[in-house]
$ cat final_17.json   # JSON, C-alpha atoms
[["chain", "number", "residue", "atom", "x", "y", "z"],
["A", 21, "MET", "CA", 3.48, -22.11, -24.72],
["A", 22, "LYS", "CA", 6.52, -22.27, -22.47],
["A", 23, "SER", "CA", 8.38, -25.53, -22.03],
["A", 24, "SER", "CA", 7.77, -27.46, -18.82],
["A", 25, "ALA", "CA", 11.33, -26.69, -17.64],
["A", 26, "GLY", "CA", 10.78, -22.96, -18.20],
["A", 27, "LEU", "CA", 7.48, -23.09, -16.32],
["A", 28, "HIS", "CA", 9.16, -24.88, -13.40],
["A", 29, "ALA", "CA", 12.02, -22.38, -13.33],
["A", 30, "LYS", "CA", 9.83, -19.30, -13.22],
["A", 31, "THR", "CA", 7.40, -20.84, -10.72],
["A", 32, "PHE", "CA", 10.23, -21.72, -8.33],
["A", 33, "THR", "CA", 11.88, -18.31, -8.80],
["A", 34, "LEU", "CA", 8.69, -16.45, -7.89],
["A", 35, "ILE", "CA", 7.90, -18.71, -4.92],
["A", 36, "LEU", "CA", 11.47, -18.15, -3.73],
["A", 37, "LEU", "CA", 10.91, -14.38, -3.97],
["A", 38, "MET", "CA", 7.62, -14.78, -2.02],
["A", 39, "VAL", "CA", 9.18, -16.72, 0.85],
["A", 40, "LEU", "CA", 12.06, -14.22, 1.08],
["A", 41, "PHE", "CA", 10.11, -10.96, 0.70],
["A", 42, "GLY", "CA", 7.16, -11.95, 2.96],
["A", 43, "PRO", "CA", 9.15, -12.95, 6.06],
["A", 44, "LEU", "CA", 11.68, -10.14, 5.50],
["A", 45, "GLY", "CA", 8.81, -7.64, 5.47],
["A", 46, "ASP", "CA", 7.32, -9.20, 8.63],
["A", 47, "VAL", "CA", 10.63, -9.14, 10.48],
["A", 48, "LEU", "CA", 11.34, -5.52, 9.49],
["A", 49, "LEU", "CA", 7.86, -4.45, 10.65],
["A", 50, "ARG", "CA", 8.30, -6.29, 13.94],
["A", 51, "LYS", "CA", 11.78, -4.85, 14.48],
["A", 52, "GLY", "CA", 10.52, -1.37, 13.58],
["A", 53, "MET", "CA", 7.54, -1.59, 15.94],
["A", 54, "LYS", "CA", 9.74, -2.87, 18.77],
["A", 55, "GLN", "CA", 11.94, 0.22, 18.36],
["A", 56, "ILE", "CA", 8.89, 2.48, 18.40],
["A", 57, "GLY", "CA", 7.33, 0.77, 21.41],
["A", 58, "ALA", "CA", 3.83, -0.33, 22.41],
["A", 59, "VAL", "CA", 0.68, 1.41, 21.16],
["A", 60, "PRO", "CA", -0.20, 4.03, 23.81],
["A", 61, "VAL", "CA", -3.68, 2.61, 24.45],
["A", 62, "GLY", "CA", -4.41, 4.51, 27.66],
["A", 63, "SER", "CA", -3.27, 7.97, 26.51],
["A", 64, "PRO", "CA", -4.90, 9.29, 23.31],
["A", 65, "SER", "CA", -2.73, 12.44, 23.49],
["A", 66, "ALA", "CA", 0.35, 10.30, 22.78],
["A", 67, "LEU", "CA", -1.20, 8.82, 19.60],
["A", 68, "PRO", "CA", -0.19, 11.54, 17.06],
["A", 69, "ASP", "CA", 3.43, 11.25, 18.15],
["A", 70, "PHE", "CA", 3.17, 7.46, 17.94],
["A", 71, "PHE", "CA", 1.86, 7.57, 14.34],
["A", 72, "LEU", "CA", 4.45, 10.18, 13.38],
["A", 73, "ARG", "CA", 7.26, 7.96, 14.66],
["A", 74, "THR", "CA", 5.75, 4.89, 12.96],
["A", 75, "PHE", "CA", 5.39, 6.47, 9.52],
["A", 76, "THR", "CA", 8.73, 8.25, 9.55],
["A", 77, "SER", "CA", 10.56, 5.04, 10.39],
["A", 78, "GLY", "CA", 12.72, 3.78, 7.52],
["A", 79, "MET", "CA", 12.45, 0.26, 8.88],
["A", 80, "ILE", "CA", 8.62, 0.36, 8.73],
["A", 81, "TRP", "CA", 8.65, 1.62, 5.12],
["A", 82, "MET", "CA", 11.16, -1.04, 4.11],
["A", 83, "GLY", "CA", 8.90, -3.64, 5.71],
["A", 84, "ILE", "CA", 5.88, -2.33, 3.80],
["A", 85, "GLY", "CA", 7.95, -2.30, 0.57],
["A", 86, "PHE", "CA", 8.95, -5.96, 0.99],
["A", 87, "LEU", "CA", 5.34, -6.96, 1.75],
["A", 88, "LEU", "CA", 4.24, -5.19, -1.46],
["A", 89, "LEU", "CA", 6.90, -7.08, -3.43],
["A", 90, "PHE", "CA", 5.66, -10.28, -1.78],
["A", 91, "PHE", "CA", 2.08, -9.60, -2.89],
["A", 92, "ILE", "CA", 3.11, -8.79, -6.47],
["A", 93, "SER", "CA", 5.13, -12.01, -6.71],
["A", 94, "TYR", "CA", 2.13, -13.91, -5.32],
["A", 95, "LEU", "CA", -0.24, -12.45, -7.93],
["A", 96, "LEU", "CA", 2.20, -13.10, -10.79],
["A", 97, "VAL", "CA", 2.84, -16.76, -9.93],
["A", 98, "LEU", "CA", -0.92, -17.38, -9.63],
["A", 99, "SER", "CA", -1.35, -16.13, -13.21],
["A", 100, "TRP", "CA", -0.12, -19.55, -14.33],
["A", 101, "ALA", "CA", 0.52, -21.90, -11.36],
["A", 102, "ASP", "CA", -2.10, -23.93, -9.41],
["A", 103, "TYR", "CA", -3.33, -22.48, -6.13],
["A", 104, "SER", "CA", -2.98, -25.98, -4.62],
["A", 105, "PHE", "CA", 0.72, -25.81, -5.60],
["A", 106, "VAL", "CA", 1.54, -22.23, -4.58],
["A", 107, "GLN", "CA", -0.28, -22.26, -1.21],
["A", 108, "PRO", "CA", 1.56, -25.24, 0.35],
["A", 109, "ALA", "CA", 4.88, -24.31, -1.33],
["A", 110, "SER", "CA", 4.78, -20.83, 0.19],
["A", 111, "ALA", "CA", 4.60, -22.42, 3.67],
["A", 112, "THR", "CA", 8.41, -22.53, 3.31],
["A", 113, "GLY", "CA", 8.02, -18.96, 4.58],
["A", 114, "TYR", "CA", 7.55, -20.42, 8.11],
["A", 115, "ALA", "CA", 11.08, -21.86, 7.89],
["A", 116, "VAL", "CA", 12.43, -18.47, 6.76],
["A", 117, "VAL", "CA", 10.53, -16.66, 9.56],
["A", 118, "SER", "CA", 11.99, -19.02, 12.16],
["A", 119, "LEU", "CA", 15.51, -18.58, 10.75],
["A", 120, "LEU", "CA", 15.25, -14.78, 10.49],
["A", 121, "GLY", "CA", 13.69, -14.55, 13.97],
["A", 122, "TYR", "CA", 16.55, -16.66, 15.34],
["A", 123, "LEU", "CA", 19.34, -14.87, 13.43],
["A", 124, "ILE", "CA", 18.14, -11.23, 13.30],
["A", 125, "LEU", "CA", 15.79, -10.76, 16.27],
["A", 126, "GLY", "CA", 17.61, -13.24, 18.52],
["A", 127, "GLU", "CA", 14.35, -15.06, 19.29],
["A", 128, "VAL", "CA", 14.30, -18.46, 20.94],
["A", 129, "VAL", "CA", 13.06, -21.14, 18.54],
["A", 130, "THR", "CA", 11.83, -24.25, 20.37],
["A", 131, "SER", "CA", 12.67, -27.76, 19.18],
["A", 132, "LEU", "CA", 8.95, -28.38, 18.52],
["A", 133, "ARG", "CA", 9.06, -25.40, 16.15],
["A", 134, "TRP", "CA", 12.14, -26.71, 14.34],
["A", 135, "ALA", "CA", 10.38, -30.10, 14.06],
["A", 136, "GLY", "CA", 7.41, -28.32, 12.47],
["A", 137, "VAL", "CA", 9.76, -26.55, 10.04],
["A", 138, "ALA", "CA", 11.26, -29.94, 9.06],
["A", 139, "VAL", "CA", 7.80, -31.46, 8.46],
["A", 140, "ILE", "CA", 6.83, -28.42, 6.33],
["A", 141, "CYS", "CA", 9.98, -28.83, 4.24],
["A", 142, "ILE", "CA", 9.22, -32.52, 3.55],
["A", 143, "GLY", "CA", 5.64, -31.58, 2.60],
["A", 144, "VAL", "CA", 6.82, -28.79, 0.28],
["A", 145, "PHE", "CA", 9.36, -31.17, -1.30],
["A", 146, "LEU", "CA", 6.52, -33.60, -2.16],
["A", 147, "VAL", "CA", 4.27, -30.83, -3.52],
["A", 148, "GLY", "CA", 7.25, -29.53, -5.52],
["A", 149, "ARG", "CA", 7.48, -32.87, -7.30],
["A", 150, "THR", "CA", 3.99, -32.44, -8.80],
["A", 151, "PRO", "CA", 3.48, -30.32, -11.95],
["A", 152, "PRO", "CA", 2.96, -26.61, -11.03],
["A", 153, "ARG", "CA", 0.14, -26.21, -13.52],
["A", 154, "THR", "CA", -2.57, -28.84, -14.12],
["A", 155, "THR", "CA", -5.25, -26.65, -15.73],
["A", 156, "GLU", "CA", -5.63, -25.50, -19.33],
["A", 157, "THR", "CA", -4.39, -22.02, -20.14],
["A", 158, "LEU", "CA", -7.29, -19.73, -20.94],
["B", 30, "MET", "CA", -14.93, -22.46, 23.98],
["B", 31, "LYS", "CA", -17.96, -20.27, 23.36],
["B", 32, "LEU", "CA", -20.71, -21.23, 20.94],
["B", 33, "HIS", "CA", -19.82, -18.69, 18.27],
["B", 34, "GLU", "CA", -16.15, -19.62, 18.20],
["B", 35, "PRO", "CA", -16.34, -22.64, 15.86],
["B", 36, "PHE", "CA", -18.31, -20.36, 13.55],
["B", 37, "LEU", "CA", -15.56, -17.72, 13.63],
["B", 38, "LEU", "CA", -12.86, -20.34, 13.08],
["B", 39, "ALA", "CA", -14.79, -21.60, 10.05],
["B", 40, "ILE", "CA", -14.87, -18.02, 8.71],
["B", 41, "ILE", "CA", -11.11, -17.63, 9.21],
["B", 42, "VAL", "CA", -10.35, -20.91, 7.39],
["B", 43, "PHE", "CA", -13.00, -21.07, 4.65],
["B", 44, "VAL", "CA", -13.68, -17.40, 3.91],
["B", 45, "GLY", "CA", -9.94, -16.61, 4.00],
["B", 46, "THR", "CA", -9.11, -19.46, 1.63],
["B", 47, "GLY", "CA", -12.12, -18.56, -0.51],
["B", 48, "GLY", "CA", -10.67, -15.08, -0.87],
["B", 49, "GLU", "CA", -7.34, -16.44, -2.08],
["B", 50, "LEU", "CA", -9.14, -18.75, -4.52],
["B", 51, "ALA", "CA", -11.06, -15.75, -5.91],
["B", 52, "VAL", "CA", -7.77, -13.83, -6.32],
["B", 53, "THR", "CA", -6.34, -16.88, -8.12],
["B", 54, "ARG", "CA", -9.38, -16.92, -10.41],
["B", 55, "ALA", "CA", -8.80, -13.24, -11.26],
["B", 56, "MET", "CA", -5.14, -13.93, -12.13],
["B", 57, "LYS", "CA", -6.04, -17.02, -14.22],
["B", 58, "ASP", "CA", -8.43, -14.83, -16.25],
["B", 59, "ILE", "CA", -5.49, -12.53, -17.03],
["B", 60, "GLY", "CA", -3.43, -15.52, -18.12],
["B", 61, "GLU", "CA", 0.21, -16.50, -17.83],
["B", 62, "VAL", "CA", 2.55, -13.53, -17.51],
["B", 63, "HIS", "CA", 5.54, -13.88, -19.88],
["B", 64, "ASP", "CA", 6.91, -10.35, -19.99],
["B", 65, "PHE", "CA", 8.41, -9.21, -16.67],
["B", 66, "SER", "CA", 9.35, -5.67, -17.72],
["B", 67, "PRO", "CA", 8.20, -3.05, -15.16],
["B", 68, "ARG", "CA", 5.90, -1.56, -17.79],
["B", 69, "ASN", "CA", 4.11, -4.82, -18.46],
["B", 70, "LEU", "CA", 3.96, -5.69, -14.74],
["B", 71, "LEU", "CA", 2.20, -2.38, -14.12],
["B", 72, "ARG", "CA", -0.26, -3.20, -16.91],
["B", 73, "VAL", "CA", -0.93, -6.66, -15.38],
["B", 74, "LEU", "CA", -1.54, -5.12, -11.94],
["B", 75, "VAL", "CA", -3.94, -2.52, -13.34],
["B", 76, "ARG", "CA", -5.85, -5.29, -15.12],
["B", 77, "ALA", "CA", -5.84, -7.45, -11.98],
["B", 78, "PHE", "CA", -7.33, -4.68, -9.86],
["B", 79, "SER", "CA", -10.05, -3.93, -12.37],
["B", 80, "ALA", "CA", -11.35, -7.52, -12.15],
["B", 81, "GLY", "CA", -14.45, -8.27, -10.08],
["B", 82, "TRP", "CA", -12.95, -11.53, -8.80],
["B", 83, "MET", "CA", -9.96, -9.62, -7.37],
["B", 84, "TRP", "CA", -12.14, -7.28, -5.30],
["B", 85, "PHE", "CA", -14.41, -10.14, -4.22],
["B", 86, "GLY", "CA", -11.26, -11.98, -3.05],
["B", 87, "VAL", "CA", -9.91, -8.94, -1.22],
["B", 88, "LEU", "CA", -13.31, -8.47, 0.46],
["B", 89, "LEU", "CA", -13.36, -12.11, 1.66],
["B", 90, "MET", "CA", -9.76, -11.87, 2.92],
["B", 91, "THR", "CA", -10.66, -8.70, 4.82],
["B", 92, "VAL", "CA", -13.64, -10.43, 6.49],
["B", 93, "ALA", "CA", -11.40, -13.36, 7.48],
["B", 94, "PHE", "CA", -8.77, -10.95, 8.85],
["B", 95, "PHE", "CA", -11.30, -9.24, 11.13],
["B", 96, "ALA", "CA", -12.66, -12.62, 12.25],
["B", 97, "LEU", "CA", -9.08, -13.54, 13.19],
["B", 98, "LEU", "CA", -8.65, -10.31, 15.16],
["B", 99, "ALA", "CA", -11.95, -10.92, 17.00],
["B", 100, "MET", "CA", -10.96, -14.53, 17.75],
["B", 101, "LEU", "CA", -7.55, -13.47, 19.03],
["B", 102, "SER", "CA", -9.16, -11.02, 21.43],
["B", 103, "TRP", "CA", -11.11, -13.87, 23.08],
["B", 104, "GLU", "CA", -8.99, -16.97, 22.80],
["B", 105, "ASN", "CA", -5.40, -17.75, 23.54],
["B", 106, "VAL", "CA", -3.28, -17.45, 20.40],
["B", 107, "SER", "CA", -1.84, -20.92, 20.96],
["B", 108, "PHE", "CA", -5.26, -22.41, 20.31],
["B", 109, "VAL", "CA", -6.39, -20.24, 17.38],
["B", 110, "ILE", "CA", -3.38, -20.17, 15.09],
["B", 111, "PRO", "CA", -2.71, -23.97, 14.84],
["B", 112, "VAL", "CA", -6.33, -24.52, 13.79],
["B", 113, "THR", "CA", -5.87, -22.09, 10.89],
["B", 114, "ALA", "CA", -3.38, -24.62, 9.42],
["B", 115, "LEU", "CA", -6.55, -26.35, 8.15],
["B", 116, "SER", "CA", -6.51, -23.63, 5.45],
["B", 117, "TYR", "CA", -4.08, -25.82, 3.51],
["B", 118, "VAL", "CA", -6.64, -28.62, 3.32],
["B", 119, "ALA", "CA", -9.39, -26.13, 2.41],
["B", 120, "GLY", "CA", -7.07, -24.68, -0.26],
["B", 121, "ALA", "CA", -6.39, -28.05, -1.88],
["B", 122, "LEU", "CA", -10.14, -28.88, -1.87],
["B", 123, "GLY", "CA", -10.96, -25.47, -3.33],
["B", 124, "GLY", "CA", -8.25, -25.77, -5.97],
["B", 125, "LYS", "CA", -9.66, -29.15, -6.99],
["B", 126, "PHE", "CA", -13.40, -28.48, -6.94],
["B", 127, "LEU", "CA", -13.62, -24.75, -7.71],
["B", 128, "LEU", "CA", -10.64, -24.20, -10.02],
["B", 129, "GLY", "CA", -10.42, -27.68, -11.57],
["B", 130, "GLU", "CA", -6.82, -28.35, -10.49],
["B", 131, "ARG", "CA", -5.53, -31.91, -10.39],
["B", 132, "VAL", "CA", -4.56, -32.75, -6.82],
["B", 133, "THR", "CA", -2.63, -36.02, -7.11],
["B", 134, "PRO", "CA", -2.06, -38.35, -4.09],
["B", 135, "MET", "CA", 1.54, -37.01, -3.91],
["B", 136, "ARG", "CA", 0.28, -33.42, -3.71],
["B", 137, "TRP", "CA", -2.31, -34.43, -1.06],
["B", 138, "LEU", "CA", 0.40, -36.05, 1.05],
["B", 139, "GLY", "CA", 2.53, -32.92, 0.73],
["B", 140, "VAL", "CA", -0.41, -30.67, 1.66],
["B", 141, "LEU", "CA", -1.23, -32.78, 4.75],
["B", 142, "LEU", "CA", 2.41, -32.69, 5.90],
["B", 143, "VAL", "CA", 2.53, -28.90, 5.41],
["B", 144, "CYS", "CA", -0.71, -28.62, 7.43],
["B", 145, "LEU", "CA", 0.76, -30.72, 10.25],
["B", 146, "GLY", "CA", 4.07, -28.83, 10.13],
["B", 147, "VAL", "CA", 2.40, -25.41, 10.27],
["B", 148, "ALA", "CA", 0.29, -26.54, 13.25],
["B", 149, "LEU", "CA", 3.49, -27.73, 15.02],
["B", 150, "VAL", "CA", 5.29, -24.44, 14.28],
["B", 151, "CYS", "CA", 2.34, -22.51, 15.74],
["B", 152, "VAL", "CA", 2.15, -24.67, 18.87],
["B", 153, "GLY", "CA", 5.92, -24.65, 19.39]]

$ encode --input "final_17.json" --output "structure tokens"
Amino acid sequence: MKSSAGLHAKTFTLILLMVLFGPLGDVLLRKGMKQIGAVPVGSPSALPDFFLRTFTSGMIWMGIGFLLLFFISYLLVLSWADYSFVQPASATGYAVVSLLGYLILGEVVTSLRWAGVAVICIGVFLVGRTPPRTTETL
Amino acid sequence: MKLHEPFLLAIIVFVGTGGELAVTRAMKDIGEVHDFSPRNLLRVLVRAFSAGWMWFGVLLMTVAFFALLAMLSWENVSFVIPVTALSYVAGALGGKFLLGERVTPMRWLGVLLVCLGVALVCVG
């Protein structure tokens, strides 16, 4: 069995990958879809062109790629770490989304939102001080 | 709020979290991954997606996703999304009672703060 320090290190590494890949994928998808424009709900004849532009967009594929990496990291960390550790810890993603939205998409982030991000970080800090795995290995 | 809306919210929170707990169960059956070579990762993923728990989890998460879409088409987003922060409480309860994880008072406090913080982010 791995030492506790090793377990901590790989748990934190994978959660870090999750909270980077997930929001990065989201932001790329959002940026890609903004470039492509709104779904042409009223005109079905415009749909094929819409899908063609969506699935030939490099930004969309990069977004999908990052979301896949996010999901793989998520599955791997759950192979050893508690769900009740990983779920709250990955809420750090909200902080990353707010930062990326602010820095890359130029979105306005309200002070209430920043306050929420701060509260999340305190919560994650407390969860991070508990052992990542409390169940027996099978 | 319409009568069926609390029901849909419950589906989003409990069925969605239930799905993630089932996925966790599938990964726990596989056991701790030590070898991170691409070849072994592929083997782990193939094993993961041949587990019944994985597909049960994916099914539950899909149901929760469509409940969320339905809810969003009726209610203002600013009401729906903060309520889904309750998933963190459901997750800690599920981890404790379904997966046998030890949720210490420190972890509970952290989970409750995360829940509050996520609700604030969604309102803000």

$ residues_around --input "final_17.json" --residues "segment 104-107 of chain A" --least-positions-apart "2" --cutoff "6 Å" --atoms "only C-alpha atoms" --output "list in words"
Asp102, Ala109, Ser110 and Pro152 of chain A; Ala121 and Gly124 of chain B

$ write_last_selection --input "final_17.json" --atoms "C-alpha atoms" --output "PDB file, in the coordinates of the input"
ATOM      1  CA  ASP A 102      -2.100 -23.930  -9.410  1.00  0.00           C
ATOM      2  CA  ALA A 109       4.880 -24.310  -1.330  1.00  0.00           C
ATOM      3  CA  SER A 110       4.780 -20.830   0.190  1.00  0.00           C
ATOM      4  CA  PRO A 152       2.960 -26.610 -11.030  1.00  0.00           C
TER       5      PRO A 152
ATOM      6  CA  ALA B 121      -6.390 -28.050  -1.880  1.00  0.00           C
ATOM      7  CA  GLY B 124      -8.250 -25.770  -5.970  1.00  0.00           C
TER       8      GLY B 124
END

$ interface_residues --input "final_17.json" --of "chain B" --to "chain A" --cutoff "8 Å" --atoms "only C-alpha atoms" --output "MDAnalysis selection string"
chainID B and resid 50 52:53 56:62 117 120:121 124:125 129:133 135:153

$ atom_distance --input "final_17.json" --atom1 "atom CA of Leu125 of chain A" --atom2 "atom CA of Gly45 of chain A"
13.2 Å

$ atom_distance --input "final_17.json" --atom1 "atom CA of Leu89 of chain B" --atom2 "atom CA of Glu49 of chain B"
8.3 Å

$ atom_distance --input "final_17.json" --atom1 "atom CA of Pro111 of chain B" --atom2 "atom CA of Gly123 of chain B"
20.0 Å

$ residues_around --input "final_17.json" --residues "Ile56 of chain A" --least-positions-apart "3" --cutoff "12 Å" --atoms "all atoms listed in the file" --output "PyMOL selection string"
chain A and resi 49-53+59-60+67+69-80
